[in-house]
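J.: I'm passing along query-v8.cif; it holds mmCIF, C-alpha atoms.
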data_work
loop_
_atom_site.label_atom_id
_atom_site.label_comp_id
_atom_site.auth_asym_id
_atom_site.auth_seq_id
_atom_site.Cartn_x
_atom_site.Cartn_y
_atom_site.Cartn_z
CA MET Z 3 -4.79 22.96 5.27
CA SER Z 4 -6.66 26.18 4.85
CA ALA Z 5 -5.49 29.74 4.92
CA SER Z 6 -5.75 31.36 8.33
CA THR Z 7 -6.62 34.88 9.38
CA PRO Z 8 -3.49 37.00 9.95
CA GLY Z 9 -2.62 37.34 13.58
CA THR Z 10 -4.66 34.35 14.79
CA THR Z 11 -2.35 31.46 13.92
CA PRO Z 12 -0.19 30.34 16.86
CA TYR Z 13 3.57 30.05 16.36
CA TYR Z 14 3.34 26.30 16.97
CA TYR Z 15 0.00 24.72 17.74
CA VAL Z 16 0.06 22.02 20.43
CA PRO Z 17 -3.23 20.07 20.60
CA GLY Z 18 -4.74 19.01 23.89
CA VAL Z 19 -4.75 15.52 25.33
CA SER Z 20 -6.31 13.11 22.83
CA HIS Z 21 -7.91 9.71 23.37
CA HIS Z 22 -7.57 8.76 19.71
CA PRO Z 23 -4.19 6.96 19.88
CA ILE Z 24 -5.15 4.60 22.69
CA TRP Z 25 -8.53 3.79 21.13
CA ALA Z 26 -6.93 3.18 17.72
CA ALA Z 27 -4.41 0.84 19.37
CA ALA Z 28 -7.28 -1.03 21.04
CA GLY Z 29 -8.99 -1.54 17.68
CA LEU Z 30 -5.78 -2.85 16.12
CA PHE Z 31 -5.33 -5.19 19.09
CA PHE Z 32 -8.60 -6.93 18.24
CA VAL Z 33 -7.55 -7.10 14.57
CA VAL Z 34 -4.25 -8.82 15.40
CA LEU Z 35 -5.84 -11.05 18.04
CA GLY Z 36 -8.57 -12.16 15.66
CA ALA Z 37 -6.27 -12.64 12.67
CA GLY Z 38 -3.90 -14.84 14.66
CA ASN Z 39 -6.71 -17.07 15.85
CA TRP Z 40 -8.61 -17.04 12.56
CA ILE Z 41 -5.71 -18.47 10.57
CA ASN Z 42 -5.28 -21.13 13.25
CA GLY Z 43 -8.79 -22.43 12.81
CA HIS Z 44 -10.73 -20.52 15.48
CA GLY Z 45 -13.93 -19.23 13.92
CA TRP Z 46 -14.43 -16.44 16.42
CA GLY Z 47 -11.25 -14.82 15.11
CA MET Z 48 -13.13 -13.53 12.07
CA TRP Z 49 -15.56 -11.61 14.27
CA SER Z 50 -12.69 -10.18 16.29
CA VAL Z 51 -11.09 -8.93 13.07
CA LEU Z 52 -14.36 -7.34 11.94
CA LEU Z 53 -14.90 -5.73 15.34
CA GLY Z 54 -11.36 -4.37 15.37
CA LEU Z 55 -11.63 -2.98 11.83
CA VAL Z 56 -14.94 -1.24 12.54
CA TRP Z 57 -13.60 0.09 15.84
CA TRP Z 58 -10.40 1.30 14.20
CA GLY Z 59 -12.33 2.87 11.30
CA VAL Z 60 -14.59 4.87 13.62
CA VAL Z 61 -11.62 6.15 15.63
CA LEU Z 62 -9.73 7.03 12.46
CA TYR Z 63 -12.73 8.98 11.16
CA GLN Z 64 -12.97 10.96 14.40
CA TRP Z 65 -9.21 11.58 14.42
CA ILE Z 66 -9.18 12.90 10.85
CA ARG Z 67 -12.28 14.98 11.55
CA ASP Z 68 -10.64 16.68 14.54
CA ALA Z 69 -7.41 17.34 12.62
CA ALA Z 70 -9.37 18.83 9.72
CA ARG Z 71 -11.29 21.09 12.09
CA GLU Z 72 -8.06 22.33 13.63
CA SER Z 73 -6.67 23.04 10.18
CA GLU Z 74 -9.78 24.86 9.01
CA ALA Z 75 -9.80 26.90 12.22
CA GLY Z 76 -6.46 28.39 11.19
CA LEU Z 77 -4.45 26.76 13.98
CA PHE Z 78 -1.78 25.29 11.71
CA GLY Z 79 0.94 27.78 10.86
CA ARG Z 80 4.23 27.48 9.01
CA LYS Z 81 5.92 25.41 11.73
CA ILE Z 82 3.13 22.84 11.67
CA ASP Z 83 3.30 22.77 7.89
CA LEU Z 84 7.04 22.03 8.03
CA SER Z 85 6.44 19.41 10.71
CA TYR Z 86 3.90 17.64 8.50
CA ARG Z 87 6.19 17.76 5.49
CA TRP Z 88 9.13 16.27 7.38
CA SER Z 89 6.89 13.65 8.99
CA MET Z 90 5.48 12.54 5.64
CA SER Z 91 8.96 12.50 4.11
CA TRP Z 92 10.33 10.25 6.85
CA PHE Z 93 7.26 8.05 6.69
CA ILE Z 94 7.73 7.48 2.96
CA PHE Z 95 11.45 6.85 3.56
CA SER Z 96 10.51 4.13 6.06
CA GLU Z 97 8.25 2.62 3.41
CA VAL Z 98 11.15 2.64 0.95
CA MET Z 99 13.18 0.64 3.47
CA PHE Z 100 10.21 -1.68 4.04
CA PHE Z 101 9.87 -2.61 0.39
CA GLY Z 102 13.64 -2.54 -0.04
CA ALA Z 103 13.87 -5.39 2.45
CA PHE Z 104 11.47 -7.55 0.44
CA PHE Z 105 13.11 -6.73 -2.88
CA THR Z 106 16.45 -7.64 -1.30
CA ALA Z 107 14.99 -10.95 -0.11
CA LEU Z 108 13.82 -11.65 -3.66
CA TRP Z 109 17.25 -10.84 -5.08
CA TRP Z 110 19.07 -12.90 -2.44
CA ALA Z 111 16.86 -15.93 -3.01
CA ARG Z 112 17.32 -15.78 -6.78
CA ALA Z 113 21.01 -14.87 -6.90
CA HIS Z 114 22.39 -16.76 -3.89
CA SER Z 115 20.06 -19.14 -2.03
CA VAL Z 116 18.68 -21.15 -4.95
CA PRO Z 117 22.05 -21.50 -6.76
CA ALA Z 118 23.68 -22.57 -3.47
CA LEU Z 119 21.09 -25.33 -3.08
CA GLY Z 120 22.26 -26.73 -6.41
CA GLY Z 121 25.80 -27.34 -5.15
CA PHE Z 122 27.57 -30.69 -5.05
CA GLU Z 123 26.60 -31.55 -1.48
CA ASN Z 124 22.89 -30.97 -2.07
CA SER Z 125 22.98 -32.84 -5.39
CA LEU Z 126 23.81 -36.00 -3.47
CA LEU Z 127 20.78 -35.57 -1.26
CA TRP Z 128 18.38 -34.24 -3.92
CA PRO Z 129 19.58 -35.32 -7.36
CA ASP Z 130 16.33 -34.18 -9.00
CA PHE Z 131 16.48 -30.62 -7.64
CA LYS Z 132 16.82 -27.88 -10.26
CA ALA Z 133 18.71 -24.87 -8.98
CA ALA Z 134 16.79 -22.40 -11.14
CA TRP Z 135 14.14 -19.79 -10.45
CA PRO Z 136 10.72 -21.16 -11.50
CA SER Z 137 9.95 -18.26 -13.84
CA VAL Z 138 13.07 -18.87 -15.96
CA SER Z 139 13.13 -22.68 -15.93
CA PRO Z 140 9.90 -24.49 -16.85
CA GLY Z 141 9.40 -27.57 -14.73
CA ALA Z 142 11.47 -26.30 -11.81
CA THR Z 143 8.38 -25.66 -9.74
CA THR Z 144 8.28 -28.74 -7.55
CA SER Z 145 10.56 -29.87 -4.78
CA PRO Z 146 12.20 -33.32 -4.89
CA ALA Z 147 10.71 -34.16 -1.50
CA GLY Z 148 7.21 -33.26 -2.65
CA THR Z 149 6.75 -30.61 0.02
CA VAL Z 150 5.72 -28.02 -2.57
CA GLU Z 151 2.78 -28.81 -4.83
CA PRO Z 152 3.27 -28.31 -8.59
CA PHE Z 153 2.33 -24.79 -9.70
CA GLN Z 154 2.62 -22.51 -12.67
CA THR Z 155 4.35 -19.14 -12.62
CA VAL Z 156 2.70 -15.88 -13.65
CA GLY Z 157 3.86 -13.54 -16.41
CA PRO Z 158 3.17 -9.88 -17.20
CA PHE Z 159 0.24 -10.46 -19.59
CA TRP Z 160 -2.38 -9.38 -19.26
CA LEU Z 161 -3.66 -8.55 -15.81
CA PRO Z 162 -0.39 -7.11 -14.41
CA THR Z 163 0.00 -4.97 -17.53
CA ILE Z 164 -3.57 -3.71 -17.19
CA ASN Z 165 -2.88 -2.82 -13.56
CA THR Z 166 0.29 -1.00 -14.62
CA ALA Z 167 -1.74 1.11 -17.04
CA LEU Z 168 -4.32 1.80 -14.32
CA LEU Z 169 -1.74 3.03 -11.80
CA LEU Z 170 0.17 5.13 -14.33
CA THR Z 171 -3.09 6.70 -15.46
CA SER Z 172 -4.04 7.42 -11.85
CA GLY Z 173 -0.74 9.24 -11.40
CA VAL Z 174 -1.62 11.44 -14.38
CA THR Z 175 -5.14 12.21 -13.14
CA LEU Z 176 -3.79 13.03 -9.68
CA THR Z 177 -1.23 15.42 -11.15
CA ILE Z 178 -3.95 17.14 -13.22
CA ALA Z 179 -6.04 17.48 -10.06
CA HIS Z 180 -3.10 19.05 -8.22
CA HIS Z 181 -2.50 21.61 -10.96
CA ALA Z 182 -6.22 22.39 -11.02
CA LEU Z 183 -6.23 22.99 -7.26
CA ARG Z 184 -3.26 25.33 -7.53
CA ALA Z 185 -5.14 27.19 -10.26
CA GLY Z 186 -8.22 27.55 -8.06
CA GLN Z 187 -10.36 25.21 -10.22
CA ARG Z 188 -12.13 23.26 -7.48
CA ALA Z 189 -14.68 21.48 -9.70
CA ARG Z 190 -11.94 20.22 -12.03
CA THR Z 191 -9.88 19.14 -9.03
CA ILE Z 192 -12.75 17.13 -7.58
CA ALA Z 193 -13.53 15.46 -10.93
CA PHE Z 194 -9.97 14.24 -11.43
CA MET Z 195 -9.67 13.20 -7.79
CA TRP Z 196 -12.71 10.97 -8.18
CA ALA Z 197 -11.14 9.54 -11.34
CA THR Z 198 -7.97 8.75 -9.35
CA VAL Z 199 -9.92 7.06 -6.56
CA ILE Z 200 -11.89 4.97 -9.04
CA LEU Z 201 -8.70 3.90 -10.85
CA GLY Z 202 -7.22 2.79 -7.53
CA PHE Z 203 -10.36 0.81 -6.72
CA VAL Z 204 -10.33 -0.88 -10.14
CA PHE Z 205 -6.66 -1.78 -9.60
CA LEU Z 206 -7.57 -3.60 -6.38
CA CYS Z 207 -10.44 -5.41 -8.09
CA VAL Z 208 -8.13 -6.59 -10.90
CA GLN Z 209 -5.55 -7.77 -8.37
CA GLY Z 210 -8.22 -9.63 -6.44
CA TYR Z 211 -9.30 -11.37 -9.65
CA GLU Z 212 -5.66 -12.16 -10.41
CA TYR Z 213 -5.19 -13.76 -6.99
CA HIS Z 214 -8.28 -15.91 -7.53
CA HIS Z 215 -6.94 -16.99 -10.92
CA LEU Z 216 -3.52 -17.83 -9.48
CA TYR Z 217 -4.95 -19.87 -6.62
CA THR Z 218 -7.58 -21.79 -8.58
CA ASP Z 219 -6.03 -22.16 -12.05
CA LEU Z 220 -2.25 -22.01 -11.54
CA ASN Z 221 -2.15 -23.45 -7.99
CA LEU Z 222 0.24 -20.64 -7.06
CA LYS Z 223 -0.13 -20.11 -3.32
CA LEU Z 224 1.69 -18.47 -0.45
CA ASN Z 225 3.27 -21.82 0.43
CA SER Z 226 4.50 -22.47 -3.14
CA GLY Z 227 8.13 -22.33 -2.10
CA ILE Z 228 10.23 -19.18 -2.07
CA TYR Z 229 8.66 -18.09 -5.36
CA GLY Z 230 5.14 -18.07 -3.94
CA SER Z 231 6.09 -16.47 -0.63
CA THR Z 232 8.07 -13.60 -2.18
CA PHE Z 233 5.42 -13.05 -4.87
CA TYR Z 234 2.54 -12.72 -2.43
CA LEU Z 235 4.48 -10.74 0.15
CA LEU Z 236 5.53 -8.14 -2.42
CA THR Z 237 2.28 -7.89 -4.36
CA GLY Z 238 0.12 -8.29 -1.26
CA PHE Z 239 1.82 -5.57 0.76
CA HIS Z 240 1.78 -3.32 -2.29
CA GLY Z 241 -1.94 -3.95 -2.69
CA PHE Z 242 -2.45 -3.01 0.95
CA HIS Z 243 -0.57 0.24 0.35
CA VAL Z 244 -2.75 0.94 -2.68
CA PHE Z 245 -5.80 0.45 -0.45
CA VAL Z 246 -4.42 2.85 2.17
CA GLY Z 247 -3.50 5.39 -0.50
CA MET Z 248 -6.96 5.12 -2.02
CA LEU Z 249 -8.50 5.85 1.39
CA MET Z 250 -6.22 8.88 1.74
CA LEU Z 251 -7.32 10.20 -1.64
CA LEU Z 252 -10.97 9.51 -0.83
CA VAL Z 253 -10.71 11.54 2.38
CA ILE Z 254 -9.03 14.38 0.50
CA THR Z 255 -11.76 14.28 -2.16
CA LEU Z 256 -14.53 14.45 0.45
CA ARG Z 257 -12.75 17.36 2.12
CA LEU Z 258 -12.58 19.14 -1.23
CA HIS Z 259 -16.35 18.72 -1.49
CA SER Z 260 -16.62 20.43 1.91
CA GLY Z 261 -14.62 23.42 0.70
CA HIS Z 262 -11.36 22.53 2.41
CA PHE Z 263 -7.91 23.45 1.03
CA SER Z 264 -6.92 26.49 -0.98
CA ALA Z 265 -4.58 27.18 -3.87
CA GLN Z 266 -1.89 28.31 -1.42
CA ARG Z 267 -2.31 25.88 1.49
CA HIS Z 268 -3.13 22.27 0.81
CA PHE Z 269 -0.46 20.00 2.23
CA GLY Z 270 -3.06 17.39 3.13
CA PHE Z 271 -3.57 16.99 -0.61
CA GLU Z 272 0.16 17.04 -1.33
CA GLY Z 273 0.98 14.46 1.34
CA ALA Z 274 -1.56 12.02 -0.08
CA ALA Z 275 -0.20 12.69 -3.58
CA TRP Z 276 3.37 11.96 -2.44
CA TYR Z 277 2.24 8.65 -1.02
CA TRP Z 278 0.30 7.70 -4.17
CA HIS Z 279 3.22 8.46 -6.46
CA PHE Z 280 5.45 6.37 -4.20
CA VAL Z 281 3.01 3.47 -4.58
CA ASP Z 282 3.17 3.92 -8.36
CA VAL Z 283 6.97 3.73 -8.38
CA VAL Z 284 6.99 0.59 -6.20
CA TRP Z 285 4.61 -1.09 -8.63
CA LEU Z 286 6.92 -0.36 -11.57
CA PHE Z 287 9.72 -2.18 -9.75
CA LEU Z 288 7.31 -5.03 -8.97
CA TYR Z 289 6.11 -5.21 -12.55
CA VAL Z 290 9.65 -5.61 -13.89
CA LEU Z 291 11.32 -7.69 -11.16
CA VAL Z 292 8.44 -10.02 -10.28
CA TYR Z 293 6.40 -10.43 -13.46
CA TRP Z 294 9.00 -10.00 -16.22
CA MET Z 295 12.12 -11.58 -14.68
#
For this file, produce the structure as structure tokens.
T.:
Amino acid sequence: MSASTPGTTPYYYVPGVSHHPIWAAAGLFFVVLGAGNWINGHGWGMWSVLLGLVWWGVVLYQWIRDAARESEAGLFGRKIDLSYRWSMSWFIFSEVMFFGAFFTALWWARAHSVPALGGFENSLLWPDFKAAWPSVSPGATTSPAGTVEPFQTVGPFWLPTINTALLLTSGVTLTIAHHALRAGQRARTIAFMWATVILGFVFLCVQGYEYHHLYTDLNLKLNSGIYGSTFYLLTGFHGFHVFVGMLMLLVITLRLHSGHFSAQRHFGFEGAAWYWHFVDVVWLFLYVLVYWM
């Protein structure tokens, strides 16, 4: 958000009717439609996903462009600033609940579901079942009925540890960029923002390589029992959030190149930074609870 000329900023800016929400929803419709058919063996689903993503990307670009123009025109006053801050705060809170649900599922499976399956009644039906989490009991990675293929678990070394270092470093570079912006050092801000974006991109590349290694070498898949499903749901959704956060930071960086934001008014930057730091914290929980325990 840029500084506005005194006397020109409305008390509360209300934009006109926008076509962006309905067109964005249409793009996402084709993504969901295509994804559902793609995973069920219909080849045309892939093209529907691609069409929906391109469609959605174009609409999102136009939406962000219009919002940036409104901000640079000085239409966003203090009330809009407060509205954005509360909106971003509640959005991040909803994300906390989102990941909290998956962490709770992981805890419940480890602390209650698996031990309960090792009770007396189930031992009569499945005498070879080991009521232990695969990561803490070698050999307990196959089901007695053979419904789950043998697989190996994954530890913290070395790819997850490398990714931890990448995300923590990106948090540092982002903080340096924020302090530089507040000090009016635009060139320094841009340099460290690009460093943050690149670190996020490298994180995704390392995670993609890790997934390939897990699938091909360890046979750890989404259908590898409760261990595989919770692992990929947690790490996969986190990776998606890293991708979204990286896009946010990229947009902010490009806006900085265009001269947007000032030392006094830059909540667009701050909102993206809040989100990125949240992603960092979630990864620390993942790193400990999924890879170490």
J.: Calculated over all atoms listed in the file, which of the candidates Z:Met250, Z:Leu53, Z:Val156, Z:Ile24 has the smallest distance to Tyr289 in chain Z?
T.: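 Selected residue with least distance to Tyr289 in chain Z: Z:Val156.
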J.: Write out as a Markdown table a residue-level contact list of range 130-195 of chain Z versus range 230-246 of chain Z with cut-off 12 Å: for each qualifying residue the closest pair of atoms and the distance in Å to one decimal, counting only C-alpha atoms, rows sorted by chain and residue number upward.
T.:
| residue | atom | partner | partner_atom | distance |
| --- | --- | --- | --- | --- |
| Z:Trp135 | CA | Z:Gly230 | CA | 11.2 |
| Z:Pro136 | CA | Z:Gly230 | CA | 9.9 |
| Z:Ser137 | CA | Z:Gly230 | CA | 11.0 |
| Z:Thr143 | CA | Z:Gly230 | CA | 10.1 |
| Z:Thr144 | CA | Z:Gly230 | CA | 11.7 |
| Z:Val150 | CA | Z:Gly230 | CA | 10.1 |
| Z:Glu151 | CA | Z:Gly230 | CA | 11.0 |
| Z:Pro152 | CA | Z:Gly230 | CA | 11.4 |
| Z:Phe153 | CA | Z:Gly230 | CA | 9.3 |
| Z:Gln154 | CA | Z:Gly230 | CA | 10.1 |
| Z:Thr155 | CA | Z:Gly230 | CA | 8.8 |
| Z:Val156 | CA | Z:Phe233 | CA | 9.6 |
| Z:Gly157 | CA | Z:Phe233 | CA | 11.7 |
| Z:Pro162 | CA | Z:Thr237 | CA | 10.4 |
| Z:Asn165 | CA | Z:Gly241 | CA | 11.0 |
| Z:Leu168 | CA | Z:Val244 | CA | 11.8 |
| Z:Leu169 | CA | Z:Val244 | CA | 9.4 |
| Z:Ser172 | CA | Z:Val244 | CA | 11.3 |
J.: Check the smallest atom-to-atom distance from each of Z:Trp25, Z:Phe203, Z:Phe271, Z:Tyr86 to His181 in chain Z using all atoms listed in the file, then report the winner.
T.: Z:Phe271
J.: Between CA of Arg112 in chain Z and CA of Phe93 in chain Z, measure the distance and give it in Å to one decimal.
T.: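 Rounded to one decimal, the two atoms are 29.2 Å apart.
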J.: Enter the distance from CA of Leu249 in chain Z to CA of Ser89 in chain Z, in Å, rounded to one decimal.
T.: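 Those two atoms sit 18.9 Å apart.
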J.: Name the closest residue to Gly210 in chain Z among the candidates Z:Trp49, Z:Phe105, Z:Leu161, Z:Gln266; distances are taken between atoms, counting only C-alpha atoms.
T.: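 Counting only C-alpha atoms, the residue closest to Gly210 in chain Z is Z:Leu161.
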J.: Rounded to one decimal place, report the CA of Val281 in chain Z-CA of Glu97 in chain Z distance in Å.
T.: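 A separation of 9.6 Å between them.
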J.: Calculated over all atoms listed in the file, which of the candidates Z:Val34, Z:Ala133, Z:Leu126, Z:Val174 has the smallest distance to Ala111 in chain Z?
T.: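 Closest candidate: Z:Ala133.
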